[in-house]
Protein chains: 4
Amino acid sequence: MSGNTFGKLFKLTSFGESHGKALGGVIDGCSAGIELDLNAIQYEMDRRKPGQSAIVTQRKEPDTVEFYSGIFEGKTTGAPIGFVIHNTNQKSHDYSHIKDSYRPSHADYVFDKKYGFRDYRGGGRTSARETASRVVAGAVAKQLLKGIEINAFVSSVGDIFIDKPYQDLDFSKIESNPVRCPDEASAAKMEERIREIRKEGDTIGGTVTCVIKNVPVGLGEPVFDKLHADLGKAMLSINAVKGFEYGSGFCGAKMKGSEHNDLFNPDGTTKTNLSGGIQGGISNGMDIYFRVAFKPVATIMKEQETIDKEGNIVKMMGKGRHDPCVVPRAVPIVEAMAALVLADNYLLSRTNRI
Amino acid sequence: MSGNTFGKLFKLTSFGESHGKALGGVIDGCSAGIELDLNAIQYEMDRRKPGQSAIVTQRKEPDTVEFYSGIFEGKTTGAPIGFVIHNTNQKSHDYSHIKDSYRPSHADYVFDKKYGFRDYRGGGRTSARETASRVVAGAVAKQLLKGIEINAFVSSVGDIFIDKPYQDLDFSKIESNPVRCPDEASAAKMEERIREIRKEGDTIGGTVTCVIKNVPVGLGEPVFDKLHADLGKAMLSINAVKGFEYGSGFCGAKMKGSEHNDLFNPDGTTKTNLSGGIQGGISNGMDIYFRVAFKPVATIMKEQETIDKEGNIVKMMGKGRHDPCVVPRAVPIVEAMAALVLADNYLLSRTNRI
Amino acid sequence: MSGNTFGKLFKLTSFGESHGKALGGVIDGCSAGIELDLNAIQYEMDRRKPGQSAIVTQRKEPDTVEFYSGIFEGKTTGAPIGFVIHNTNQKSHDYSHIKDSYRPSHADYVFDKKYGFRDYRGGGRTSARETASRVVAGAVAKQLLKGIEINAFVSSVGDIFIDKPYQDLDFSKIESNPVRCPDEASAAKMEERIREIRKEGDTIGGTVTCVIKNVPVGLGEPVFDKLHADLGKAMLSINAVKGFEYGSGFCGAKMKGSEHNDLFNPDGTTKTNLSGGIQGGISNGMDIYFRVAFKPVATIMKEQETIDKEGNIVKMMGKGRHDPCVVPRAVPIVEAMAALVLADNYLLSRTNRI
Amino acid sequence: MSGNTFGKLFKLTSFGESHGKALGGVIDGCSAGIELDLNAIQYEMDRRKPGQSAIVTQRKEPDTVEFYSGIFEGKTTGAPIGFVIHNTNQKSHDYSHIKDSYRPSHADYVFDKKYGFRDYRGGGRTSARETASRVVAGAVAKQLLKGIEINAFVSSVGDIFIDKPYQDLDFSKIESNPVRCPDEASAAKMEERIREIRKEGDTIGGTVTCVIKNVPVGLGEPVFDKLHADLGKAMLSINAVKGFEYGSGFCGAKMKGSEHNDLFNPDGTTKTNLSGGIQGGISNGMDIYFRVAFKPVATIMKEQETIDKEGNIVKMMGKGRHDPCVVPRAVPIVEAMAALVLADNYLLSRTNRI
């Protein structure tokens with residue numbers, strides 16, 4: 001397996017399976033001299049962890065991060081930051097229902113074909129539990145990016161959407177409800193919808209919107225590594241993501257140039273921001289905003305037909321505690337990945353000019 | 001500037017500006033022994049080149065590829081394939097209107113801020129002319145991927161959409177009309193719409209859909225380098241792209257798990273394919289399909305207000321010959337980038353197992 | 001800091017400081033299905049660890065490796081292999097003599113200048129303790145390289161050299177003496193020399209030779225990533241290394257072409273092997289052999305003059321337990337790095353041909 | 001084939017075979033705003049080109065560089081710099097003697113085994129002609145490194161050595177003789193030796209020493225990407241190189257710590273410089289110096305026995321015009337590779353601290 005490293009200069013290499021001894025990672029390329037607030041890092045972990053509210057999975061994992069290197073007297077030293085999150089919830093589970101059968105819309109089948117066998121304990125490396133490492137690294141990246149504000153929030157659950165532009169939302173309300181939706185009326189409806197779905201034994205999709213303020217002009221590289229291409233890859237690498245759009249997004253494909261162009265103010269800001277804060281792959285100082293689509297969680301508490309390794313039809317039903325809707329817990333993960341992309345491009349931008 | 005290389009094993013490094021002497025690139029990592037059909041490569045270049053029909057830019061560029069290395073006696077040798085496309089259309093242009101002013105929704109402003117100055121001749125490195133190199137490399141990648149079929153087509157122009165599933169389309173009709181839309185009724189409407197828009201001096205956005213058949217099971221890496229994350233980055237790196245979705249995409253975010261899960265047939269294929277041919281980032285052997293949103297071209301033949309370097313408000317109007325709608329010419333570029341992603345992941349998949 | 005990852009496909013990312021909580025690393029890119037002998041890995045760690053004999057440092061560190069991921073039912077799964085070596089010897093040391101002063105021929109001074117401050121506890125990230133992670137990864141790589149034999153040994157200590165070609169040595173004797181020199185007569189002299197040096201409070205340099213047998217033809221890439229260039233970089237990245245030569249090495253620079261050329265046997269082997277098993281950067285199936293020069297350890301038990309941060313002249317004398325000669329413990333590290341290079345190039349070679 | 005890119009941030013990707021249409025490359029990552037002296041670049045090419053004197057190959061190749069992109073109004077723009085060197089000497093050669101036979105100590109045999117066949121025209125990709133691209137990129141890197149002085153020179157031919165420390169040499173004399181040896185007495189002997197060898201139809205090895213002055217403190221990364229490890233890989237990637245040592249090198253392996261340690265002056269410089277300007281992989285501001293061993297050229301004008309593809313013994317004798325000793329022409333290549341390493345690490349060092 002390749003592809004367990006993200007980033008060009010500010011790099012996270014992650015490891016760990018859902019039911020192994022521990023997850024963790026190495027952050028390499030972090031500049032020296034950043035005063036790290038470890039509580040702020042644990043705070044992000046707590047936002048991601050299961051069991052926070054009635055509408056997410058009821059599994060209990062403390063998800064405490066231990067740092068092993070790269071920090072001295074409260075500051076980053078420049079050395080790689082190694083960290084580990086021990087899996088405390090490692091009791092002997094019953095995996096018999098998935099050991100030899102393939103869960104629909106999971107990666108069980110493709111893993112067996114690709115690697116010849118698989119770690120069948122709860123999804124192994126394909127589990128979203130891996131994103132815990134991303135949240136740690138993203139929280140470090142956020143501290144490198146002093147002054148840049150990254151706010152993600154749930155913008156839809158099923159067909160319930162916030163019907164306001166993000167400018168009308170109060171981001172300080174994001175954490176005020178378990179859905180992480182800053183629009184309280186929508187949040188209430190979304191929460192209700194998730195409760196219903198859970199009762200049905202079903203799951204539901206949703207979207208997360210992310211807004212990034214105070215980005216300096218000049219981040220991103222103009223050809224293959226456009227800033228939005230890096231952001232898109234980052235988001236699409238999160239489990240269950242099916243789509244990414246930034247600025248005008250798919251709506252922009254219906255517009256005319258005369259409607260879509262962002263005209264300049266004398267100071268270089270633009271009157272509109274359909275571009276989403278990025279021109280030609282490079283940040284222009286306006287707000288960066290994008291939207292990420294998450295499919296419904298594949299594990300449902302309803303019986304489904306599937307196949308076993310020999311191709312026999314078998315019945316299967318989800319066991320254990322799973323999220324009925326992934327977007328509330330995806331919010332800190334989206335922010336973390338955005339922070340990784342920005343930190344990486346920020347360091348790279350230091351080489352722009354001689 | 002970084003980021004002029006795409007790929008991990010099958011790598012394209014590209015160079016060249018719209019109005020410089022030549023564009024080109026180096027393909028590194030291509031396996032030895034592929035019998036290259038050079039006509040097939042030039043054919044892809046001809047699909048991308050300007051002046052093919054009345055609804056694209058009327059500029060004339062022959063876009064002939066010259067190969068300088070890496071091919072011997074008709075076969076790839078394993079050595080890097082260097083190629084060049086000379087810019088024949090290099091006559092002295094009048095750039096006075098853009099030299100000191102910033103075109104709205106172009107990268108002029110951010111280039112000046114990032115690099116301190118810019119090559120103002122027709123967009124320089126930010127021009128979509130750079131995609132010519134991608135089409136060359138993609139055409140080589142296609143020949144490495146014998147048996148895999150990659151078909152992209154225009155699925156919408158403005159608000160005119162093909163209203164059929166892709167399974168009902170005849171891909172052999174893609175090249176039968178200048179829009180590159182396989183649904184003839186829609187194609188006619190789209191062509192009409194583009195003609196109108198051009199008369200208005202305006203431009204319009206659209207979408208390209210891509211369908212990939214016969215992909216072996218097992219391409220893609222499960223964490224950061226998921227196959228769809230690589231595809232998403234590839235597409236988002238194309239000029240004017242605002243969004244990417246695969247499989248159920250943004251619609252999937254509205255669905256329930258019980259509706260969205262793809263149930264297995266005994267042979268490992270699935271009854272439905274909302275997953276879009278990829279499970280957990282790894283190809284599952286079903287059709288891969290995705291959709292890419294393109295904004296309207298920013299250069300319009302209407303007067304717009306903008307600013308010059310000093311922040312003075314100035315009037316500006318597009319000069320020269322520009323595409324009123326970019327999607328017809330984007331079709332071969334989307335295919336090329338898809339081919340690069342697949343070739344790269346195909347080579348990588350050879351290291352899966354011992 | 002960058003550069004904590006080694007390899008292109010079989011990659012080690014390492015972390016950890018000499019006196020931090022733990023060292024460790026992530027092995028990414030290891031193929032699935034390798035039956036891992038964990039005892040063989042610990043055996044390599046034991047060869048590297050301090051306190052093995054009277055001629056190495058008397059520090060006590062058990063250096064037990066814990067694997068956190070990537071192994072299931074005794075086999076590599078393809079997922080990244082995360083591992084940790086806890087520093088058990090973390091008692092509060094007295095660093096006052098090095099906190100504000102720069103040890104001669106150590107990296108203290110350059111770290112302060114590069115990063116603005118440094119982790120002054122025993123060398124921090126610059127300590128050779130970091131090589132423990134390399135030995136773990138190298139031991140995994142060895143198991144991927146079934147059939148390839150990698151044998152390193154001490155070929156000189158100070159001016160005491162083995163004066164035989166490697167073909168006349170019995171590699172099974174390498175572990176029979178604490179110097180790790182397979183020539184017993186030389187080993188005795190070397191051991192004596194190291195004992196003397198230690199009594200003087202001084203240190204001494206030496207060389208390690210490495211011989212690799214049964215390498216398949218075709219490993220290595222012909223231009224920048226020549227197999228010997230990768231090996232050279234690997235060796236030069238080990239602490240205290242000052243030089244690398246392979247095959248005829250520096251002696252080859254004195255020879256004539258008619259003396260130096262290796263003539264072929266009908267089966268493609270060569271009658272001589274001044275090339276050192278590599279032609280044009282690619283393995284040719286003959287034994288690969290190379291020699292690595294290690295300087296004397298910089299920490300000596302004699303008083304030296306040096307400077308403090310303010311540039312004042314101060315007296316300094318080594319404290320603690322240090323190696324009088326690094327080469328006996330370097331032997332497993334040289335083997336580990338060689339194994340990493342070979343495993344990486346072995347995986348890459350799978351993409352040679354279509 | 002992989003490995004045609006050198007560098008992490010300042011990157012050269014090269015292409016081209018000895019007898020193909022053209023060689024060239026792409027320099028990616030070069031900062032914007034460098035005023036490029038194109039004559040200085042061509043000057044380096046002229047130093048490398050064949051036919052400069054009676055003691056190098058008499059082939060005639062003008063080796064004129066054409067730049068295709070990345071330069072505008074005399075300055076680097078930040079965009080990738082694409083360049084090409086046309087092979088003008090492409091007349092139909094007679095390759096019958098090497099088409100089906102393997103030249104001893106060349107890469108013919110391993111290429112056939114690795115790739116299944118080979119471009120047999122004059123060595124193809126394995127030819128040292130590829131280094132022309134390195135010299136172009138190195139000359140650009142030198143201009144990024146304003147103030148840093150890189151001087152390489154021939155320090156030995158066969159057993160004729162300069163017997164002075166480099167501090168006693170006048171580098172302005174390097175170009176005063178065809179050997180590129182700044183010690184005139186040695187230069188005369190070396191030239192005489194090469195003339196003799198050529199008359200014999202034989203070839204001879206030699207060494208190149210490189211001295212780099214005015215390097216800022218702090219270049220290089222402390223673990224795998226130590227500055228000397230990068231330099232070592234760079235040098236070992238040059239054709240015919242068998243060894244690399246820096247600072248005290250192999251002699252250092254015979255010394256005691258008390259002799260080898262470089263004691264500090266109050267200003268942070270050191271009284272001696274056995275370290276060779278690098279401590280723990282990081283430049284310390286003292287002169288960097290290293291030595292590179294080149295084997296004798298494998299093509300000799302004497303009859304040798306070798307084998308053909310079927311394993312039959314055949315006679316072979318070199319044809320055409322070859323260098324009797326490679327070191328005089330290797331001097332600018334060594335400098336170019338050193339410049340690439342320094343430029344790369346210089347850009348990287350900008351991310352050291354926040």
# chains A, B, ... in the order shown; residues from 1 in each chain; ligands from 1
call {"tool": "residues_around", "arguments": {"residues": "C:Gly74", "least_positions_apart": "3", "cutoff": "7 Å", "atoms": "only C-alpha atoms", "output": "list in words"}}
result
Glu35, Leu36 and Ile71 of chain C
call {"tool": "write_last_selection", "arguments": {"atoms": "C-alpha atoms", "output": "short mmCIF file (atom, residue, chain, number, x, y, z; two decimals), in the first residue's frame"}}
result
data_model
loop_
_atom_site.label_atom_id
_atom_site.label_comp_id
_atom_site.auth_asym_id
_atom_site.auth_seq_id
_atom_site.Cartn_x
_atom_site.Cartn_y
_atom_site.Cartn_z
CA GLU C 35 5.14 -13.70 6.66
CA LEU C 36 7.06 -11.62 9.16
CA ILE C 71 0.53 -6.90 10.47
#
call {"tool": "residues_around", "arguments": {"residues": "stretch 247-262 of chain C", "least_positions_apart": "3", "cutoff": "6 Å", "atoms": "only C-alpha atoms", "output": "list in words"}}
result
Thr270, Thr272, Asn273, Leu274, Ser275, Gly276 and Tyr289 of chain C; Pro104, Ser105, Gly158, Asp159, Thr203, Ile204, Gly205, Gly206, Lys242, Gly243, Ala293, Phe294, Lys295, Pro296, Val297 and Ala298 of chain D
call {"tool": "write_last_selection", "arguments": {"atoms": "N, CA and C atoms", "output": "tab-separated table (two decimals), in the first residue's frame"}}
result
chain	number	residue	atom	x	y	z
C	270	THR	N	30.44	-12.08	-15.14
C	270	THR	CA	31.70	-11.49	-15.59
C	270	THR	C	32.88	-12.19	-14.89
C	272	THR	N	35.74	-10.87	-13.91
C	272	THR	CA	36.15	-10.06	-12.77
C	272	THR	C	34.93	-9.25	-12.35
C	273	ASN	N	35.07	-8.52	-11.24
C	273	ASN	CA	33.92	-7.73	-10.78
C	273	ASN	C	34.39	-6.41	-10.19
C	274	LEU	N	35.17	-5.68	-10.95
C	274	LEU	CA	35.58	-4.34	-10.51
C	274	LEU	C	34.39	-3.40	-10.52
C	275	SER	N	33.38	-3.75	-11.31
C	275	SER	CA	32.16	-2.94	-11.37
C	275	SER	C	31.37	-3.00	-10.07
C	276	GLY	N	31.62	-4.00	-9.25
C	276	GLY	CA	30.90	-4.10	-7.98
C	276	GLY	C	29.45	-4.46	-8.15
C	289	TYR	N	29.29	-4.94	-3.82
C	289	TYR	CA	30.07	-4.70	-2.60
C	289	TYR	C	30.49	-3.25	-2.54
D	104	PRO	N	31.87	-4.66	-22.77
D	104	PRO	CA	32.26	-4.92	-21.37
D	104	PRO	C	32.18	-3.64	-20.54
D	105	SER	N	31.73	-3.78	-19.32
D	105	SER	CA	31.63	-2.67	-18.36
D	105	SER	C	30.80	-1.50	-18.86
D	158	GLY	N	45.08	8.91	-13.03
D	158	GLY	CA	45.88	7.72	-12.74
D	158	GLY	C	46.53	7.90	-11.39
D	159	ASP	N	47.85	7.69	-11.35
D	159	ASP	CA	48.53	7.85	-10.05
D	159	ASP	C	49.22	9.21	-9.89
D	203	THR	N	42.48	3.86	-21.78
D	203	THR	CA	41.85	4.97	-21.05
D	203	THR	C	42.36	4.93	-19.61
D	204	ILE	N	42.09	6.00	-18.86
D	204	ILE	CA	42.58	6.04	-17.49
D	204	ILE	C	41.60	6.80	-16.60
D	205	GLY	N	41.56	6.41	-15.32
D	205	GLY	CA	40.67	7.06	-14.36
D	205	GLY	C	41.27	8.30	-13.74
D	206	GLY	N	40.53	8.90	-12.81
D	206	GLY	CA	41.02	10.09	-12.14
D	206	GLY	C	40.03	10.56	-11.09
D	242	LYS	N	32.81	6.08	-9.04
D	242	LYS	CA	32.93	4.90	-8.18
D	242	LYS	C	33.01	5.23	-6.70
D	243	GLY	N	33.24	6.50	-6.35
D	243	GLY	CA	33.37	6.81	-4.93
D	243	GLY	C	33.23	8.28	-4.65
D	293	ALA	N	35.63	9.95	-7.31
D	293	ALA	CA	36.48	9.03	-8.09
D	293	ALA	C	35.78	8.58	-9.36
D	294	PHE	N	36.49	8.73	-10.48
D	294	PHE	CA	35.97	8.28	-11.78
D	294	PHE	C	36.79	7.10	-12.28
D	295	LYS	N	36.12	6.08	-12.73
D	295	LYS	CA	36.81	4.93	-13.30
D	295	LYS	C	37.32	5.29	-14.71
D	296	PRO	N	38.20	4.48	-15.27
D	296	PRO	CA	38.59	4.70	-16.66
D	296	PRO	C	37.41	4.42	-17.58
D	297	VAL	N	37.31	5.19	-18.65
D	297	VAL	CA	36.25	5.00	-19.66
D	297	VAL	C	36.29	3.55	-20.14
D	298	ALA	N	35.13	2.94	-20.27
D	298	ALA	CA	35.07	1.52	-20.63
D	298	ALA	C	35.37	1.25	-22.09
call {"tool": "select_by_dssp", "arguments": {"residues": "stretch 85-175 of chain D", "states": "strand (DSSP E)", "output": "count of residues only"}}
result
15
call {"tool": "atom_distance", "arguments": {"atom1": "atom CA of C:Gly33", "atom2": "atom CA of C:Ala234"}}
result
26.4 Å
call {"tool": "closest_atom_pairs", "arguments": {"of": "chain D", "to": "chain B", "cutoff": "8 Å", "atoms": "only C-alpha atoms", "output": "tab-separated table"}}
result
residue	atom	partner	partner_atom	distance
D:Met1	CA	B:Gly29	CA	4.7
D:Ser2	CA	B:Gly29	CA	4.6
D:Gly3	CA	B:Asp28	CA	7.8
D:Asn4	CA	B:Asp28	CA	6.7
D:Leu9	CA	B:Ser2	CA	7.2
D:Thr13	CA	B:Val26	CA	7.4
D:Ser14	CA	B:Val26	CA	7.6
D:Phe15	CA	B:Pro80	CA	5.4
D:Gly16	CA	B:Ser69	CA	5.0
D:Glu17	CA	B:Ser69	CA	6.3
D:Gly20	CA	B:Ser69	CA	6.0
D:Lys21	CA	B:Tyr68	CA	5.2
D:Ala22	CA	B:Tyr68	CA	5.4
D:Leu23	CA	B:Tyr68	CA	7.2
D:Gly24	CA	B:Gly82	CA	7.7
D:Gly25	CA	B:Val26	CA	7.6
D:Val26	CA	B:Phe15	CA	6.9
D:Asp28	CA	B:Ser2	CA	6.0
D:Gly29	CA	B:Ser2	CA	4.6
D:Cys30	CA	B:Met1	CA	6.4
D:Ser31	CA	B:Met1	CA	6.6
D:Ala32	CA	B:Tyr115	CA	5.7
D:Gly33	CA	B:Gly116	CA	7.3
D:Tyr68	CA	B:Lys21	CA	5.2
D:Ser69	CA	B:Gly16	CA	5.0
D:Gly70	CA	B:Gly16	CA	7.1
D:Phe72	CA	B:Asp119	CA	6.1
D:Thr77	CA	B:Arg118	CA	6.5
D:Gly78	CA	B:Met1	CA	4.8
D:Ala79	CA	B:Met1	CA	5.6
D:Pro80	CA	B:Phe15	CA	5.4
D:Ile81	CA	B:Phe15	CA	6.7
D:Gly82	CA	B:Phe15	CA	5.7
D:Tyr115	CA	B:Ala32	CA	5.7
D:Gly116	CA	B:Gly33	CA	7.3
D:Phe117	CA	B:Thr77	CA	7.5
D:Arg118	CA	B:Thr77	CA	6.5
D:Asp119	CA	B:Phe72	CA	6.1
D:Arg125	CA	B:Ala79	CA	6.5
call {"tool": "write_last_selection", "arguments": {"atoms": "C-alpha atoms", "output": "mmCIF file, in the first residue's frame"}}
result
data_model
loop_
_atom_site.group_PDB
_atom_site.id
_atom_site.type_symbol
_atom_site.label_atom_id
_atom_site.label_comp_id
_atom_site.auth_asym_id
_atom_site.auth_seq_id
_atom_site.Cartn_x
_atom_site.Cartn_y
_atom_site.Cartn_z
ATOM 1 C CA MET D 1 12.348 3.936 -16.116
ATOM 2 C CA SER D 2 12.089 6.209 -13.169
ATOM 3 C CA GLY D 3 14.588 8.530 -11.641
ATOM 4 C CA ASN D 4 14.917 11.180 -14.322
ATOM 5 C CA LEU D 9 12.152 21.806 -4.631
ATOM 6 C CA THR D 13 13.776 16.443 -15.064
ATOM 7 C CA SER D 14 15.949 15.413 -17.992
ATOM 8 C CA PHE D 15 15.365 13.465 -21.189
ATOM 9 C CA GLY D 16 17.298 12.437 -24.245
ATOM 10 C CA GLU D 17 19.598 9.826 -25.707
ATOM 11 C CA GLY D 20 18.251 10.761 -30.574
ATOM 12 C CA LYS D 21 16.914 14.005 -31.977
ATOM 13 C CA ALA D 22 17.548 16.107 -28.927
ATOM 14 C CA LEU D 23 18.298 16.145 -25.235
ATOM 15 C CA GLY D 24 16.791 18.545 -22.805
ATOM 16 C CA GLY D 25 15.011 19.008 -19.574
ATOM 17 C CA VAL D 26 12.629 20.936 -17.406
ATOM 18 C CA ASP D 28 10.803 23.219 -12.012
ATOM 19 C CA GLY D 29 10.741 25.097 -8.730
ATOM 20 C CA CYS D 30 13.104 27.893 -9.693
ATOM 21 C CA SER D 31 12.146 31.092 -7.881
ATOM 22 C CA ALA D 32 10.916 34.048 -9.908
ATOM 23 C CA GLY D 33 12.941 37.172 -10.454
ATOM 24 C CA TYR D 68 11.538 27.390 -24.571
ATOM 25 C CA SER D 69 9.824 28.700 -21.467
ATOM 26 C CA GLY D 70 10.095 30.149 -17.985
ATOM 27 C CA PHE D 72 10.593 36.600 -19.758
ATOM 28 C CA THR D 77 9.166 33.961 -14.139
ATOM 29 C CA GLY D 78 8.692 31.114 -11.695
ATOM 30 C CA ALA D 79 7.294 28.946 -14.511
ATOM 31 C CA PRO D 80 9.137 25.755 -15.445
ATOM 32 C CA ILE D 81 12.177 26.338 -17.646
ATOM 33 C CA GLY D 82 12.036 23.975 -20.598
ATOM 34 C CA TYR D 115 13.764 -3.573 -20.487
ATOM 35 C CA GLY D 116 13.649 -6.487 -22.925
ATOM 36 C CA PHE D 117 15.537 -4.572 -25.616
ATOM 37 C CA ARG D 118 17.573 -1.399 -25.907
ATOM 38 C CA ASP D 119 18.297 1.659 -27.989
ATOM 39 C CA ARG D 125 20.023 6.847 -22.317
#
